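Enquirer: Please read through the structure below; I'll follow up with questions.
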Amino acid sequence: MPALPRFTGDLTRQEPLPQEAIDAVNAVLESGRLHRYEPVPGEESEASALEREYADWQGRPYCLALASGGQALQIALRAAGVRPGDPVLANAFTLAPVPGAIAAVGAEARLVEINEDLVIDLDDLARKADQAKVLMLSHMRGHQCDMDALMQLADEAGLTVIEDCAHTMGATWRGIRSGNFGRAGCFSTQSYKHLNSGEGGLLTSADPEFMARAILLSGAYMLYERHGARPPLAVFNDVRLSTPNMSARMDNVRAAMLRPQLPRLESNIRRWNRIHDRIATGIAQSARIHLPRRAPQEGYVGSSLRFAVPGMTAAQGEALVSDAAERGVALKWFGASEPVGYTSNYDSWAYLPPQLLPQTRNVLDGLIDLRLPLTLDDDDCDLIAAHIRAAVERLPFAGALS
């Protein structure tokens with residue numbers, strides 16, 4: 001069989017911003033009005049317009065534009081009443097900004113196990129539900145648990161749910177957008193997310209008191225009436241003088257580049273899913289590769305792909321990543337002992353109390369992640385899948401895994 005050609009594409013390269021976004025940014029730069037509270041009298045700022053448009057798209061009455069997705073998480077925790085020393089539950093499979101946000105407000109993260117389908121283990125959550133009043137649910141890498149069962153459990157336990165939707169902007173469960181189940185939905189517009197402003201975040205909610213606190217926490221300078229998707233002004237009266245300013249606002253430049261991308265999001269989701277499904281079908285031909293299952297109620301956004309190699313040792317994980325890299329395919333492995341770039345696991349977060357999570361540990365030891373930019377075409381997808389199969393088959397297992 002002839003050797004596969006090396007993949008020479010770039011798995012970190014994003015598509016260029018649409019020309020409308022470039023023109024909108026240039027208009028803001030030329031105006032000199034970069035701060036969100038500097039509109040021309042009688043005109044709406046870019047940040048305010050983004051909030052209004054995103055709230056309408058998301059199907060939530062309130063939206064707040066922030067400097068980052070991590071700031072959205074922190075502001076949400078504070079607005080939900082989390083105080084220093086409070087325990088906050090979170091699923092153990094997530095990225096560092098989630099436990100980082102919990103630590104930033106002085107709270108203590110208590111991690112919940114995940115299952116082999118990469119979502120929170122509802123049985124472990126039920127066992128731990130009485131330990132906290134807030135659950136920060138991370139839809140990590142775009143995988144959603146049974147949201148009906150989770151919300152029933154949370155309601156019965158009195159848990160406030162804050163959804164980390166950094167990887168599920170545009171995803172659904174039973175047709176309901178991710179982020180619309182809990183008290184708040186937190187979104188990221190960092191370069192590798194579904195809308196790209198380099199860095200940025202959005203916070204949505206249907207709770208007027210919660211959102212009034214969030215807007216004030218973001219640094220509204222008593223200019224909250226200039227927000228495009230805010231609660232009625234009267235809601236701010238009781239909290240406007242007792243809420244600190246965290247200076248976490250989004251500026252007009254980033255808002256201007258995001259607004260033209262929003263109408264393209266549904267089309268891009270279809271493109272991502274086509275790429276995801278083609279590669280997933282290709283790598284599923286290997287008996288050694290396990291793909292996480294998705295429920296029929298889940299509408300996902302395949303901007304990245306995960307697969308597991310059950311029984312993989314640490315040495316084999318390192319060998320797989322190295323072998324794939326030589327083939328031009330950049331993989332991330334969640335079982336590594338040290339964090340690599342954006343990829344880390346709960347063992348790396350030494351600022352958390354030690355936590356015993358054997359089920360999660362077993363899953364992460366064999367878990368591989370692949371970023372899927374929209375720049376990939378069908379030939380790229382087929383070549384990437386072939387290289388992944390070849391790299392896995394080269395690992396020195398005794399036999400194919402079931």
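Labels for the structure tokens follow display order: chains A, B, ..., residues from 1 in each chain, ligands from 1.
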For range 34-69 of chain A against range 161-180 of chain A, with a cut-off of 10 Å and counting only C-alpha atoms, what is the closest atom pair and its distance in Å to one decimal for every residue that makes the cut, ordered by chain and number, as a Markdown table?
Expert:
| residue | atom | partner | partner_atom | distance |
| --- | --- | --- | --- | --- |
| A:Trp57 | CA | A:Gly170 | CA | 9.3 |
| A:Gln58 | CA | A:Arg177 | CA | 6.9 |
| A:Gly59 | CA | A:Asn180 | CA | 7.9 |
| A:Arg60 | CA | A:Asn180 | CA | 7.2 |
| A:Gly69 | CA | A:Ala166 | CA | 7.0 |
Enquirer: Could you write out, as a compact mmCIF listing (two decimals) with N, CA and C atoms, in the first residue's frame, all the residues of range 152-357 of chain A that DSSP marks as helix (DSSP H, G or I)?
Expert:
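So part_39.txt came out as:
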# COMPACT_ATOMS: atom_id res chain seq x y z
N GLN A 152 -33.85 18.59 35.91
CA GLN A 152 -34.75 18.04 36.93
C GLN A 152 -33.98 17.77 38.22
N LEU A 153 -32.79 17.19 38.08
CA LEU A 153 -31.95 16.94 39.25
C LEU A 153 -31.59 18.24 39.95
N ALA A 154 -31.20 19.25 39.17
CA ALA A 154 -30.81 20.54 39.74
C ALA A 154 -31.98 21.21 40.45
N ASP A 155 -33.15 21.16 39.84
CA ASP A 155 -34.33 21.77 40.46
C ASP A 155 -34.67 21.08 41.78
N GLU A 156 -34.60 19.76 41.80
CA GLU A 156 -34.92 19.02 43.03
C GLU A 156 -33.89 19.28 44.12
N ALA A 157 -32.62 19.51 43.72
CA ALA A 157 -31.55 19.73 44.70
C ALA A 157 -31.37 21.21 45.05
N PRO A 208 -33.99 39.04 35.28
CA PRO A 208 -33.67 40.47 35.25
C PRO A 208 -32.75 40.92 36.39
N GLU A 209 -32.95 40.42 37.60
CA GLU A 209 -32.10 40.83 38.72
C GLU A 209 -30.68 40.33 38.54
N PHE A 210 -30.55 39.09 38.09
CA PHE A 210 -29.23 38.54 37.80
C PHE A 210 -28.51 39.40 36.78
N MET A 211 -29.20 39.74 35.68
CA MET A 211 -28.53 40.49 34.62
C MET A 211 -28.24 41.92 35.04
N ALA A 212 -29.07 42.52 35.87
CA ALA A 212 -28.76 43.87 36.36
C ALA A 212 -27.46 43.85 37.15
N ARG A 213 -27.30 42.84 38.00
CA ARG A 213 -26.04 42.73 38.76
C ARG A 213 -24.86 42.49 37.82
N ALA A 214 -25.06 41.62 36.81
CA ALA A 214 -23.98 41.31 35.88
C ALA A 214 -23.54 42.56 35.11
N ILE A 215 -24.47 43.36 34.65
CA ILE A 215 -24.14 44.57 33.91
C ILE A 215 -23.36 45.54 34.79
N LEU A 216 -23.78 45.69 36.03
CA LEU A 216 -23.06 46.57 36.94
C LEU A 216 -21.68 46.01 37.26
N LEU A 217 -21.59 44.72 37.46
CA LEU A 217 -20.29 44.09 37.72
C LEU A 217 -19.33 44.29 36.55
N TYR A 224 -25.86 52.06 32.48
CA TYR A 224 -26.50 50.81 32.10
C TYR A 224 -27.67 51.01 31.13
N GLU A 225 -28.19 52.20 31.06
CA GLU A 225 -29.28 52.43 30.11
C GLU A 225 -28.80 52.32 28.66
N ARG A 226 -27.48 52.34 28.44
CA ARG A 226 -26.93 52.25 27.09
C ARG A 226 -26.70 50.82 26.63
N LEU A 233 -34.99 49.66 33.66
CA LEU A 233 -34.12 50.49 34.49
C LEU A 233 -34.45 50.37 35.97
N ALA A 234 -35.71 50.17 36.31
CA ALA A 234 -36.10 50.10 37.72
C ALA A 234 -35.44 48.92 38.43
N VAL A 235 -35.08 47.85 37.68
CA VAL A 235 -34.49 46.67 38.30
C VAL A 235 -33.11 47.00 38.89
N PHE A 236 -32.44 48.01 38.36
CA PHE A 236 -31.10 48.36 38.81
C PHE A 236 -31.10 49.12 40.14
N ASN A 252 -15.94 48.46 21.43
CA ASN A 252 -16.67 48.57 20.17
C ASN A 252 -15.95 47.91 19.00
N VAL A 253 -14.62 47.82 19.07
CA VAL A 253 -13.88 47.19 17.97
C VAL A 253 -14.26 45.72 17.85
N ARG A 254 -14.21 45.01 18.96
CA ARG A 254 -14.54 43.60 18.91
C ARG A 254 -16.01 43.37 18.59
N ALA A 255 -16.88 44.21 19.14
CA ALA A 255 -18.30 44.08 18.82
C ALA A 255 -18.54 44.29 17.33
N ALA A 256 -17.82 45.24 16.73
CA ALA A 256 -17.99 45.52 15.31
C ALA A 256 -17.57 44.34 14.45
N MET A 257 -16.53 43.63 14.85
CA MET A 257 -16.11 42.48 14.04
C MET A 257 -17.02 41.27 14.25
N LEU A 258 -17.74 41.21 15.38
CA LEU A 258 -18.60 40.07 15.66
C LEU A 258 -19.96 40.18 14.98
N ARG A 259 -20.51 41.36 14.91
CA ARG A 259 -21.88 41.50 14.40
C ARG A 259 -22.07 40.93 12.99
N PRO A 260 -21.18 41.20 12.03
CA PRO A 260 -21.38 40.62 10.70
C PRO A 260 -21.19 39.10 10.65
N GLN A 261 -20.53 38.53 11.66
CA GLN A 261 -20.33 37.07 11.68
C GLN A 261 -21.59 36.33 12.13
N LEU A 262 -22.41 36.98 12.94
CA LEU A 262 -23.56 36.30 13.53
C LEU A 262 -24.54 35.76 12.47
N PRO A 263 -24.89 36.53 11.44
CA PRO A 263 -25.81 35.97 10.43
C PRO A 263 -25.24 34.78 9.67
N ARG A 264 -23.94 34.56 9.72
CA ARG A 264 -23.30 33.44 9.02
C ARG A 264 -23.18 32.20 9.90
N LEU A 265 -23.55 32.30 11.16
CA LEU A 265 -23.25 31.23 12.09
C LEU A 265 -23.98 29.93 11.75
N GLU A 266 -25.26 30.00 11.42
CA GLU A 266 -26.00 28.77 11.11
C GLU A 266 -25.39 28.05 9.92
N SER A 267 -25.00 28.80 8.91
CA SER A 267 -24.36 28.18 7.74
C SER A 267 -23.03 27.56 8.13
N ASN A 268 -22.26 28.24 8.98
CA ASN A 268 -20.98 27.69 9.41
C ASN A 268 -21.15 26.43 10.25
N ILE A 269 -22.21 26.37 11.04
CA ILE A 269 -22.46 25.16 11.82
C ILE A 269 -22.65 23.96 10.89
N ARG A 270 -23.39 24.15 9.81
CA ARG A 270 -23.57 23.05 8.84
C ARG A 270 -22.24 22.66 8.22
N ARG A 271 -21.39 23.63 7.93
CA ARG A 271 -20.07 23.33 7.36
C ARG A 271 -19.20 22.57 8.37
N TRP A 272 -19.18 23.02 9.64
CA TRP A 272 -18.41 22.32 10.66
C TRP A 272 -18.87 20.87 10.80
N ASN A 273 -20.18 20.68 10.82
CA ASN A 273 -20.69 19.32 11.03
C ASN A 273 -20.37 18.40 9.86
N ARG A 274 -20.32 18.96 8.65
CA ARG A 274 -19.94 18.14 7.51
C ARG A 274 -18.49 17.68 7.64
N ILE A 275 -17.61 18.59 8.05
CA ILE A 275 -16.20 18.25 8.27
C ILE A 275 -16.07 17.22 9.39
N HIS A 276 -16.73 17.50 10.51
CA HIS A 276 -16.67 16.60 11.67
C HIS A 276 -17.14 15.20 11.30
N ASP A 277 -18.29 15.11 10.64
CA ASP A 277 -18.88 13.81 10.37
C ASP A 277 -18.05 13.02 9.36
N ARG A 278 -17.43 13.72 8.41
CA ARG A 278 -16.61 13.01 7.43
C ARG A 278 -15.36 12.40 8.09
N ILE A 279 -14.71 13.17 8.96
CA ILE A 279 -13.53 12.63 9.65
C ILE A 279 -13.94 11.55 10.64
N ALA A 280 -15.04 11.77 11.36
CA ALA A 280 -15.50 10.77 12.32
C ALA A 280 -15.80 9.44 11.63
N THR A 281 -16.45 9.50 10.48
CA THR A 281 -16.73 8.27 9.72
C THR A 281 -15.44 7.58 9.29
N GLY A 282 -14.45 8.40 8.92
CA GLY A 282 -13.18 7.84 8.49
C GLY A 282 -12.42 7.15 9.60
N ILE A 283 -12.35 7.76 10.77
CA ILE A 283 -11.56 7.14 11.85
C ILE A 283 -12.32 6.00 12.52
N ALA A 314 0.48 5.92 29.03
CA ALA A 314 1.07 7.25 28.89
C ALA A 314 2.10 7.27 27.77
N ALA A 315 2.92 6.23 27.70
CA ALA A 315 3.94 6.17 26.63
C ALA A 315 3.27 6.08 25.26
N GLN A 316 2.19 5.34 25.17
CA GLN A 316 1.48 5.23 23.89
C GLN A 316 0.80 6.54 23.52
N GLY A 317 0.27 7.25 24.52
CA GLY A 317 -0.33 8.55 24.24
C GLY A 317 0.68 9.53 23.68
N GLU A 318 1.85 9.57 24.28
CA GLU A 318 2.91 10.44 23.77
C GLU A 318 3.34 10.02 22.37
N ALA A 319 3.43 8.71 22.15
CA ALA A 319 3.85 8.21 20.83
C ALA A 319 2.81 8.55 19.76
N LEU A 320 1.53 8.44 20.11
CA LEU A 320 0.47 8.74 19.15
C LEU A 320 0.51 10.21 18.72
N VAL A 321 0.63 11.10 19.69
CA VAL A 321 0.67 12.53 19.39
C VAL A 321 1.90 12.84 18.53
N SER A 322 3.04 12.25 18.89
CA SER A 322 4.27 12.49 18.13
C SER A 322 4.18 11.95 16.72
N ASP A 323 3.66 10.74 16.57
CA ASP A 323 3.54 10.12 15.26
C ASP A 323 2.61 10.94 14.36
N ALA A 324 1.47 11.36 14.90
CA ALA A 324 0.53 12.16 14.12
C ALA A 324 1.15 13.50 13.73
N ALA A 325 1.91 14.09 14.63
CA ALA A 325 2.55 15.38 14.33
C ALA A 325 3.52 15.23 13.16
N GLU A 326 4.25 14.12 13.12
CA GLU A 326 5.17 13.88 12.00
C GLU A 326 4.40 13.76 10.68
N TYR A 346 -7.64 18.03 35.24
CA TYR A 346 -7.81 18.44 36.63
C TYR A 346 -6.56 18.19 37.48
N ASP A 347 -5.70 17.26 37.08
CA ASP A 347 -4.46 17.05 37.83
C ASP A 347 -3.51 18.24 37.73
N SER A 348 -3.70 19.06 36.69
CA SER A 348 -2.81 20.20 36.46
C SER A 348 -3.21 21.43 37.28
Enquirer: Write out as a list in words all residues of range 186-302 of chain A that DSSP puts in strand (DSSP E or B) for this structure's backbone.
Expert: Cys186, Phe187, Ser188, Gly201, Leu202, Leu203, Thr204, Ser205, Arg249, His290, Glu298 and Gly299 of chain A
Enquirer: Let me see the file: selected residues, C-alpha atoms, as a short mmCIF file (atom, residue, chain, number, x, y, z; two decimals), in the first residue's frame.
Expert:
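Output saved as again_19.cif:
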data_model
loop_
_atom_site.label_atom_id
_atom_site.label_comp_id
_atom_site.auth_asym_id
_atom_site.auth_seq_id
_atom_site.Cartn_x
_atom_site.Cartn_y
_atom_site.Cartn_z
CA CYS A 186 -21.65 31.98 29.09
CA PHE A 187 -20.12 32.16 25.61
CA SER A 188 -16.65 32.82 24.25
CA GLY A 201 -17.38 36.84 25.75
CA LEU A 202 -21.16 37.01 25.95
CA LEU A 203 -23.46 36.36 28.90
CA THR A 204 -27.17 35.69 28.45
CA SER A 205 -30.04 35.22 30.88
CA ARG A 249 -16.53 45.27 29.26
CA HIS A 290 -13.96 4.73 20.27
CA GLU A 298 -28.57 16.77 20.74
CA GLY A 299 -27.91 19.21 17.94
#
Enquirer: I'd like the neighbourhood of Leu291 in chain A as a list of chain:residue names, where a residue qualifies if any of its atoms comes within 10 Å (using only C-alpha atoms), though same-chain residues fewer than 3 positions away should be ignored.
Expert: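 Near Leu291 in chain A, the qualifying residues are A:Glu116, A:Asp117, A:Ala280, A:Thr281, A:Ile283, A:Ala284, A:Arg294, A:Leu305, A:Arg306, A:Phe307, A:Ala308, A:Val309, A:Leu367.
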Enquirer: Atoms to include: N, CA and C atoms. Write the selected residues as a PDB file, in the first residue's frame.
Expert:
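Dumped everything to part-v5.pdb:
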ATOM      1  N   GLU A 116     -17.929   7.940  29.751  1.00  0.00           N
ATOM      2  CA  GLU A 116     -17.144   7.712  28.540  1.00  0.00           C
ATOM      3  C   GLU A 116     -17.641   8.521  27.348  1.00  0.00           C
ATOM      4  N   ASP A 117     -18.841   9.100  27.470  1.00  0.00           N
ATOM      5  CA  ASP A 117     -19.354   9.970  26.413  1.00  0.00           C
ATOM      6  C   ASP A 117     -19.014  11.430  26.671  1.00  0.00           C
ATOM      7  N   ALA A 280     -15.040  11.767  11.362  1.00  0.00           N
ATOM      8  CA  ALA A 280     -15.502  10.765  12.325  1.00  0.00           C
ATOM      9  C   ALA A 280     -15.798   9.444  11.630  1.00  0.00           C
ATOM     10  N   THR A 281     -16.449   9.498  10.480  1.00  0.00           N
ATOM     11  CA  THR A 281     -16.733   8.273   9.720  1.00  0.00           C
ATOM     12  C   THR A 281     -15.443   7.585   9.289  1.00  0.00           C
ATOM     13  N   ILE A 283     -12.348   7.758  10.775  1.00  0.00           N
ATOM     14  CA  ILE A 283     -11.563   7.144  11.849  1.00  0.00           C
ATOM     15  C   ILE A 283     -12.318   5.996  12.517  1.00  0.00           C
ATOM     16  N   ALA A 284     -13.644   5.986  12.379  1.00  0.00           N
ATOM     17  CA  ALA A 284     -14.429   4.899  12.974  1.00  0.00           C
ATOM     18  C   ALA A 284     -14.150   3.564  12.303  1.00  0.00           C
ATOM     19  N   ARG A 294     -23.623  10.350  20.957  1.00  0.00           N
ATOM     20  CA  ARG A 294     -24.451  11.546  21.117  1.00  0.00           C
ATOM     21  C   ARG A 294     -25.915  11.131  21.105  1.00  0.00           C
ATOM     22  N   LEU A 305     -13.235  17.525  17.310  1.00  0.00           N
ATOM     23  CA  LEU A 305     -13.616  16.115  17.348  1.00  0.00           C
ATOM     24  C   LEU A 305     -12.776  15.403  18.398  1.00  0.00           C
ATOM     25  N   ARG A 306     -13.415  14.493  19.145  1.00  0.00           N
ATOM     26  CA  ARG A 306     -12.704  13.698  20.118  1.00  0.00           C
ATOM     27  C   ARG A 306     -12.883  12.216  19.822  1.00  0.00           C
ATOM     28  N   PHE A 307     -11.833  11.474  20.109  1.00  0.00           N
ATOM     29  CA  PHE A 307     -11.932  10.024  20.054  1.00  0.00           C
ATOM     30  C   PHE A 307     -11.067   9.456  21.163  1.00  0.00           C
ATOM     31  N   ALA A 308     -11.392   8.241  21.560  1.00  0.00           N
ATOM     32  CA  ALA A 308     -10.632   7.581  22.621  1.00  0.00           C
ATOM     33  C   ALA A 308      -9.950   6.338  22.065  1.00  0.00           C
ATOM     34  N   VAL A 309      -8.800   6.053  22.642  1.00  0.00           N
ATOM     35  CA  VAL A 309      -8.101   4.799  22.377  1.00  0.00           C
ATOM     36  C   VAL A 309      -8.060   4.066  23.713  1.00  0.00           C
ATOM     37  N   LEU A 367      -7.971   9.846  25.859  1.00  0.00           N
ATOM     38  CA  LEU A 367      -8.771  10.799  25.083  1.00  0.00           C
ATOM     39  C   LEU A 367      -7.916  11.727  24.224  1.00  0.00           C
TER      40      LEU A 367
END
Enquirer: If I take CA of Pro373 in chain A and CA of Gly341 in chain A, how far is one from the other in Å, to one decimal?
Expert: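 Distance reported for this atom pair: 17.4 Å.
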Enquirer: Tell me which protein, DNA and RNA residues are within 10 Å of range 355-358 of chain A, counting only C-alpha atoms, leaving out same-chain ones fewer than 3 positions away, and put them as a PyMOL selection string.
Expert: chain A and resi 92+109-114+346-347+352+361-364
Enquirer: If you keep N, CA and C atoms, can you produce a file of those selected residues as a short mmCIF file (atom, residue, chain, number, x, y, z; two decimals), in the first residue's frame?
Expert:
data_model
loop_
_atom_site.label_atom_id
_atom_site.label_comp_id
_atom_site.auth_asym_id
_atom_site.auth_seq_id
_atom_site.Cartn_x
_atom_site.Cartn_y
_atom_site.Cartn_z
N ALA A 92 -15.59 17.45 35.81
CA ALA A 92 -14.13 17.36 35.86
C ALA A 92 -13.47 17.51 34.50
N ALA A 109 -13.82 24.85 43.84
CA ALA A 109 -14.36 23.94 42.85
C ALA A 109 -14.40 22.51 43.41
N ARG A 110 -15.56 21.89 43.32
CA ARG A 110 -15.72 20.48 43.66
C ARG A 110 -16.14 19.76 42.39
N LEU A 111 -15.29 18.87 41.93
CA LEU A 111 -15.44 18.30 40.61
C LEU A 111 -16.32 17.05 40.63
N VAL A 112 -17.07 16.91 39.55
CA VAL A 112 -18.00 15.79 39.37
C VAL A 112 -17.46 14.92 38.24
N GLU A 113 -17.57 13.61 38.40
CA GLU A 113 -17.08 12.66 37.41
C GLU A 113 -17.78 12.85 36.06
N ILE A 114 -17.11 12.41 34.99
CA ILE A 114 -17.71 12.32 33.67
C ILE A 114 -17.80 10.86 33.28
N TYR A 346 -7.64 18.03 35.24
CA TYR A 346 -7.81 18.44 36.63
C TYR A 346 -6.56 18.19 37.48
N ASP A 347 -5.70 17.26 37.08
CA ASP A 347 -4.46 17.05 37.83
C ASP A 347 -3.51 18.24 37.73
N LEU A 352 -6.53 23.78 43.15
CA LEU A 352 -7.71 23.11 43.67
C LEU A 352 -7.30 22.08 44.73
N ARG A 361 -10.41 9.97 35.31
CA ARG A 361 -9.02 9.68 35.00
C ARG A 361 -8.91 8.60 33.93
N ASN A 362 -9.72 7.57 34.04
CA ASN A 362 -9.69 6.48 33.07
C ASN A 362 -10.09 6.96 31.68
N VAL A 363 -11.09 7.87 31.62
CA VAL A 363 -11.52 8.40 30.33
C VAL A 363 -10.44 9.28 29.72
N LEU A 364 -9.88 10.18 30.51
CA LEU A 364 -8.92 11.15 29.98
C LEU A 364 -7.62 10.49 29.54
#
Enquirer: Record the distance separating CA of Pro354 in chain A and CA of Ala184 in chain A, expressed in Å with one decimal.
Expert: 28.3 Å
Enquirer: Taking only C-alpha atoms into account, name the residue in A:Ile289, A:Met136, A:Leu77, A:Ala21 that is nearest to Ala391 in chain A.
Expert: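 Closest to Ala391 in chain A of all the choices is A:Ile289.
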Enquirer: Between CA of Lys128 in chain A and CA of Asn91 in chain A, what is the distance, to one decimal in Å?
Expert: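 Distance reported for this atom pair: 11.2 Å.
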Enquirer: Go through A:Arg33, A:Gly200, A:Asp207, A:Ile388 and flag the residue nearest Met250 in chain A, using only C-alpha atoms for the distances.
Expert: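 For Met250 in chain A, the nearest of the candidates is A:Gly200.
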Enquirer: Let me make sure I understand: among A:Ile75, A:Cys63, A:Glu51, A:Gln285, which one has the smallest atom-to-atom distance to Thr243 in chain A if we use only C-alpha atoms?
Expert: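 So, comparing all the options, the nearest one is A:Ile75.
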Enquirer: What lies within 10 Å of Ala103 in chain A using only C-alpha atoms, ignoring chain neighbours under 2 positions off, as a VMD selection string?
Expert: chain A and resid 74 84 to 85 88 97 to 101 105 to 109 351 to 352
Enquirer: May I ask which of the residues A:Met151, A:Ala47, A:Ala206, A:Leu159 is the closest one to Pro87 in chain A, counting only C-alpha atoms?
Expert: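 Closest candidate: A:Leu159.
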